[in-house]
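K.L.:
Got a structure here, written out as structure tokens. Questions coming.
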Amino acid sequence: MTLQTPPTFLIVGAARSGTSALASYIEQHPKVSFTRPKETHFFAFANQSLNFNGPGDEQLMNRVAVTDPHAFDKLMGELPKENQRGEGSVSSLYYARTAIENIRRYCPNVRLIAMLRDPVERAFSSYQYMRSKGLEPEPEFGAALDAEAQRIKDGWHHIWHYASMGRYHRSLSAFRQEFGAEQLKIVFYEDFEKDASAAVRDIWDFLGEGQVEQLDTRQRINKSGVARNRVIEAGVQMVINADPLRKLLKSAIPLSGREAIRNVLFRSTNISSEDRSRLATYFADENSRLRQELGRLPDSWVSGV
């Protein structure tokens with residue numbers, strides 16, 4: 001089918017790289033709108049039936065992904081037609097081959113934004129994120145890395161692929177080859193952290209929109225962390241497993257309120273030097289190819305600072 005209201009831009013990834021914060025800032029422009037939910041996973045999984053098997057995958061992926069083109073078109077149709085209409089699924093970068101095919105099929109002229117983060121930090125952030133949801137069964141990051149290959153084999157969905165999701169080069173190269181620089185904008189998370197306002201305004205230019213004077217980039221969305229105690233962890237898992245309760249809380253508490261609660265309930269931790277060294281070695285060749293492809297990487301990807 002042909003989409004009656006196709007998106008005009010997509011945030012395609014990467015996971016745990018600040019894409020939720022970026023989307024919330026971009027949407028402060030009155031001519032920019034995102035689907036609800038922002039992350040539909042449509043382009044990675046269009047016309048598929050999902051059956052991921054990891055902890056919480058049924059509630060957080062299988063039931064919520066929008067795979068039917070008519071349902072996706074309806075979501076897009078709810079946005080103002082005169083606006084830039086966006087969607088932001090990090091699965092699009094990871095499942096690049098399928099996503100590119102579907103983008104070519106449904107919205108070939110769409111503009112694309114890829115946000116990349118140091119893959120070592122990204123992997124650990126994903127681990128902390130799943131710990132914060134009470135779903136990650138391994139209390140140590142190294143053990144979760146050891147289990148990754150088996151998890152992939154067993155059909156756990158992409159958020160569990162802590163190391164594998166940081167191998168950006170092949171996916172990004174495929175997007176660049178298919179769509180070129182005019183359609184694909186690459187943003188580094190580290191640059192975004194230093195000056196979010198400049199990054200957002202640059203994207204507004206990329207989308208062909210004018211600037212607005214007021215832009216609030218103070219709030220960070222979906223911060224990583226682990227529960228401060230087991231009671232909190234158990235409570236979070238109960239909410240995830242109870243769809244009606246989870247939906248009620250999301251509708252009753254605005255995003256800013258939910259983020260404030262997260263800051264109270266969760267604390268950030270740092271990756272161990274052993275795990276950092278392990279992943280730095282794992283990503284060394286990958287990062288070298290990516291640097292050659294893009295011309296630069298942030299210094300912290302190498303220095304770890």
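In the structure tokens, chains take letters A, B, ... by order of appearance, with residues numbered from 1 within each chain and ligands from 1 in the order shown.
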Can you list, as a list in words, every protein, DNA or RNA residue that comes within 10 Å of Arg276 of chain A when you count only C-alpha atoms, leaving out same-chain residues fewer than 2 positions away?
P.N.:
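Counting only the stated atoms, we get Val120, Glu121, Ala123, Phe124, Gly142, Asn270, Ile271, Ser272, Ser273, Glu274, Arg278, Leu279, Ala280, Thr281, Tyr282 and Gly304 of chain A.
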K.L.:
Please build the interface table for segment 126-191 of chain A against segment 86-109 of chain A with a cut-off of 9 Å, listing for each qualifying residue the nearest atom pair and the distance in Å to one decimal; count only C-alpha atoms, order rows by chain and increasing number, and write it as a tab-separated table.
P.N.:
```
residue	atom	partner	partner_atom	distance
A:His158	CA	A:Ser91	CA	7.3
A:Ile159	CA	A:Ser91	CA	8.7
A:Ser164	CA	A:Tyr94	CA	8.8
A:Met165	CA	A:Tyr94	CA	6.3
A:Gly166	CA	A:Tyr94	CA	8.8
A:Arg167	CA	A:Tyr94	CA	8.6
A:Tyr168	CA	A:Tyr94	CA	7.8
A:Arg170	CA	A:Ala96	CA	8.6
A:Ser171	CA	A:Ala96	CA	5.3
A:Leu172	CA	A:Leu93	CA	7.1
A:Ala174	CA	A:Ala96	CA	7.2
A:Phe175	CA	A:Ile100	CA	7.0
A:Glu178	CA	A:Ile100	CA	7.8
A:Phe179	CA	A:Pro108	CA	8.6
A:Gln183	CA	A:Asn109	CA	7.6
```
K.L.:
Could you tell me how far atom CA of Gln128 of chain A lies from atom CA of Ser277 of chain A, in Å and to one decimal?
P.N.:
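Distance reported for this atom pair: 18.1 Å.
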K.L.:
I need the residue nearest Tyr162 of chain A from this list: A:Phe42, A:Phe34, A:Tyr25, A:Tyr127. Use only C-alpha atoms for the distance.
P.N.:
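Residue with the minimum atom-to-atom distance to Tyr162 of chain A: A:Tyr127.
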K.L.:
Can you list, as a list in words, all residues belonging to segment 21-198 of chain A that DSSP tags as strand (DSSP E)?
P.N.:
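Reading the DSSP output for segment 21-198 of chain A, strand (DSSP E) covers Val32, Ser33, Phe34, Gln84, Arg85, Gly86, Glu87, Gly88, Arg111, Leu112, Ile113, Ala114, Met115, Leu116, Leu184, Lys185, Ile186, Val187 and Phe188 of chain A.
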K.L.:
Print the selection's residues with N, CA, C and O atoms to a file, as a PDB file, in the first residue's frame.
P.N.:
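This is the output file out11.pdb:
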```pdb
ATOM      1  N   VAL A  32       7.123  21.033  13.869  1.00  0.00           N
ATOM      2  CA  VAL A  32       7.678  19.681  13.933  1.00  0.00           C
ATOM      3  C   VAL A  32       6.831  18.834  14.873  1.00  0.00           C
ATOM      4  O   VAL A  32       6.544  19.242  16.005  1.00  0.00           O
ATOM      5  N   SER A  33       6.425  17.657  14.429  1.00  0.00           N
ATOM      6  CA  SER A  33       5.601  16.764  15.245  1.00  0.00           C
ATOM      7  C   SER A  33       6.111  15.335  15.134  1.00  0.00           C
ATOM      8  O   SER A  33       6.616  14.927  14.079  1.00  0.00           O
ATOM      9  N   PHE A  34       5.962  14.577  16.228  1.00  0.00           N
ATOM     10  CA  PHE A  34       6.321  13.158  16.242  1.00  0.00           C
ATOM     11  C   PHE A  34       5.082  12.302  16.482  1.00  0.00           C
ATOM     12  O   PHE A  34       4.120  12.731  17.134  1.00  0.00           O
ATOM     13  N   GLN A  84       6.445  19.196   9.682  1.00  0.00           N
ATOM     14  CA  GLN A  84       7.396  18.112   9.515  1.00  0.00           C
ATOM     15  C   GLN A  84       6.938  16.977  10.419  1.00  0.00           C
ATOM     16  O   GLN A  84       6.757  17.167  11.614  1.00  0.00           O
ATOM     17  N   ARG A  85       6.728  15.801   9.846  1.00  0.00           N
ATOM     18  CA  ARG A  85       6.162  14.681  10.589  1.00  0.00           C
ATOM     19  C   ARG A  85       7.243  13.612  10.780  1.00  0.00           C
ATOM     20  O   ARG A  85       7.762  13.062   9.810  1.00  0.00           O
ATOM     21  N   GLY A  86       7.552  13.324  12.050  1.00  0.00           N
ATOM     22  CA  GLY A  86       8.664  12.438  12.328  1.00  0.00           C
ATOM     23  C   GLY A  86       8.303  11.201  13.117  1.00  0.00           C
ATOM     24  O   GLY A  86       7.254  11.113  13.765  1.00  0.00           O
ATOM     25  N   GLU A  87       9.201  10.237  13.045  1.00  0.00           N
ATOM     26  CA  GLU A  87       9.142   8.994  13.809  1.00  0.00           C
ATOM     27  C   GLU A  87      10.574   8.682  14.203  1.00  0.00           C
ATOM     28  O   GLU A  87      11.509   9.067  13.499  1.00  0.00           O
ATOM     29  N   GLY A  88      10.771   8.003  15.337  1.00  0.00           N
ATOM     30  CA  GLY A  88      12.140   7.784  15.792  1.00  0.00           C
ATOM     31  C   GLY A  88      12.365   6.427  16.405  1.00  0.00           C
ATOM     32  O   GLY A  88      12.247   6.270  17.622  1.00  0.00           O
ATOM     33  N   ARG A 111      13.840  12.510   5.129  1.00  0.00           N
ATOM     34  CA  ARG A 111      15.148  12.890   5.676  1.00  0.00           C
ATOM     35  C   ARG A 111      15.440  12.023   6.899  1.00  0.00           C
ATOM     36  O   ARG A 111      14.533  11.693   7.670  1.00  0.00           O
ATOM     37  N   LEU A 112      16.711  11.694   7.077  1.00  0.00           N
ATOM     38  CA  LEU A 112      17.112  10.725   8.090  1.00  0.00           C
ATOM     39  C   LEU A 112      18.134  11.339   9.045  1.00  0.00           C
ATOM     40  O   LEU A 112      19.041  12.053   8.611  1.00  0.00           O
ATOM     41  N   ILE A 113      17.982  11.035  10.323  1.00  0.00           N
ATOM     42  CA  ILE A 113      18.905  11.520  11.348  1.00  0.00           C
ATOM     43  C   ILE A 113      19.425  10.326  12.128  1.00  0.00           C
ATOM     44  O   ILE A 113      18.646   9.531  12.664  1.00  0.00           O
ATOM     45  N   ALA A 114      20.746  10.171  12.162  1.00  0.00           N
ATOM     46  CA  ALA A 114      21.379   9.113  12.954  1.00  0.00           C
ATOM     47  C   ALA A 114      22.201   9.757  14.056  1.00  0.00           C
ATOM     48  O   ALA A 114      23.026  10.627  13.796  1.00  0.00           O
ATOM     49  N   MET A 115      21.941   9.354  15.293  1.00  0.00           N
ATOM     50  CA  MET A 115      22.683   9.866  16.441  1.00  0.00           C
ATOM     51  C   MET A 115      23.548   8.729  16.969  1.00  0.00           C
ATOM     52  O   MET A 115      23.044   7.655  17.333  1.00  0.00           O
ATOM     53  N   LEU A 116      24.862   8.940  17.006  1.00  0.00           N
ATOM     54  CA  LEU A 116      25.809   7.895  17.387  1.00  0.00           C
ATOM     55  C   LEU A 116      26.514   8.260  18.682  1.00  0.00           C
ATOM     56  O   LEU A 116      26.876   9.421  18.900  1.00  0.00           O
ATOM     57  N   LEU A 184      20.715  12.218   4.743  1.00  0.00           N
ATOM     58  CA  LEU A 184      21.143  11.623   6.006  1.00  0.00           C
ATOM     59  C   LEU A 184      21.997  12.596   6.798  1.00  0.00           C
ATOM     60  O   LEU A 184      23.044  13.051   6.330  1.00  0.00           O
ATOM     61  N   LYS A 185      21.554  12.898   8.009  1.00  0.00           N
ATOM     62  CA  LYS A 185      22.283  13.773   8.931  1.00  0.00           C
ATOM     63  C   LYS A 185      22.835  12.924  10.073  1.00  0.00           C
ATOM     64  O   LYS A 185      22.099  12.176  10.723  1.00  0.00           O
ATOM     65  N   ILE A 186      24.135  13.040  10.337  1.00  0.00           N
ATOM     66  CA  ILE A 186      24.767  12.286  11.417  1.00  0.00           C
ATOM     67  C   ILE A 186      25.112  13.235  12.550  1.00  0.00           C
ATOM     68  O   ILE A 186      25.740  14.281  12.344  1.00  0.00           O
ATOM     69  N   VAL A 187      24.695  12.864  13.759  1.00  0.00           N
ATOM     70  CA  VAL A 187      24.961  13.656  14.952  1.00  0.00           C
ATOM     71  C   VAL A 187      25.679  12.771  15.960  1.00  0.00           C
ATOM     72  O   VAL A 187      25.277  11.624  16.176  1.00  0.00           O
ATOM     73  N   PHE A 188      26.725  13.277  16.556  1.00  0.00           N
ATOM     74  CA  PHE A 188      27.406  12.541  17.614  1.00  0.00           C
ATOM     75  C   PHE A 188      26.825  12.948  18.964  1.00  0.00           C
ATOM     76  O   PHE A 188      26.683  14.146  19.259  1.00  0.00           O
TER      77      PHE A 188
END
```
K.L.:
Would you list the contacts of Pro139 of chain A as a ChimeraX atom specification, taking every protein, DNA or RNA residue within 12 Å and counting only C-alpha atoms, but skipping same-chain residues closer than 2 positions in sequence?
P.N.:
/A:127-128,130-132,134-137,141-145,226-227,230
K.L.:
May I have the residues within 9 Å of Ser24 of chain A as a list in words, using only C-alpha atoms and disregarding those fewer than 3 positions away in the same chain?
P.N.:
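Returned residues: Thr19, Ser20, Ala21, Glu27, Gln28, Phe34, Thr217 and Ile221 of chain A.
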K.L.:
Between atom CA of Val64 of chain A and atom CA of Leu50 of chain A, what distance in Å does the model show, to one decimal?
P.N.:
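According to the coordinates, atom CA of Val64 of chain A and atom CA of Leu50 of chain A are separated by 10.0 Å.
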K.L.:
Tell me which protein, DNA and RNA residues are within 12 Å of Tyr189 of chain A, counting only C-alpha atoms, leaving out same-chain ones fewer than 2 positions away, and put them as a VMD selection string.
P.N.:
chain A and resid 13 to 22 114 to 119 121 to 122 186 to 187 191 to 196 199 to 200 297 to 298 300 to 301
K.L.:
Per DSSP on the backbone, what are the helix (DSSP H, G or I) residues of segment 71-207 of chain A, as an MDAnalysis selection string?
P.N.:
chainID A and resid 71:77 91:94 96:106 119:132 141:153 158:160 164:166 169:183 189:194 196:206
K.L.:
Find the residue from A:Ala163, A:Ile11, A:Leu60, A:Ala46 that sits nearest to Phe72 of chain A; use only C-alpha atoms when measuring.
P.N.:
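Of the candidates, the smallest distance to Phe72 of chain A is held by A:Ala46.
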K.L.:
List the neighbours of Ala71 of chain A out to 12 Å using only C-alpha atoms; skip same-chain residues closer than 5 positions along the sequence, and give me the result as a count of residues only.
P.N.:
16
K.L.:
Between A:Pro69, A:Pro30, A:Gly208, A:Gly180, single out the one closest to Thr8 of chain A, counting only C-alpha atoms.
P.N.:
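Nearest to Thr8 of chain A: A:Gly208.
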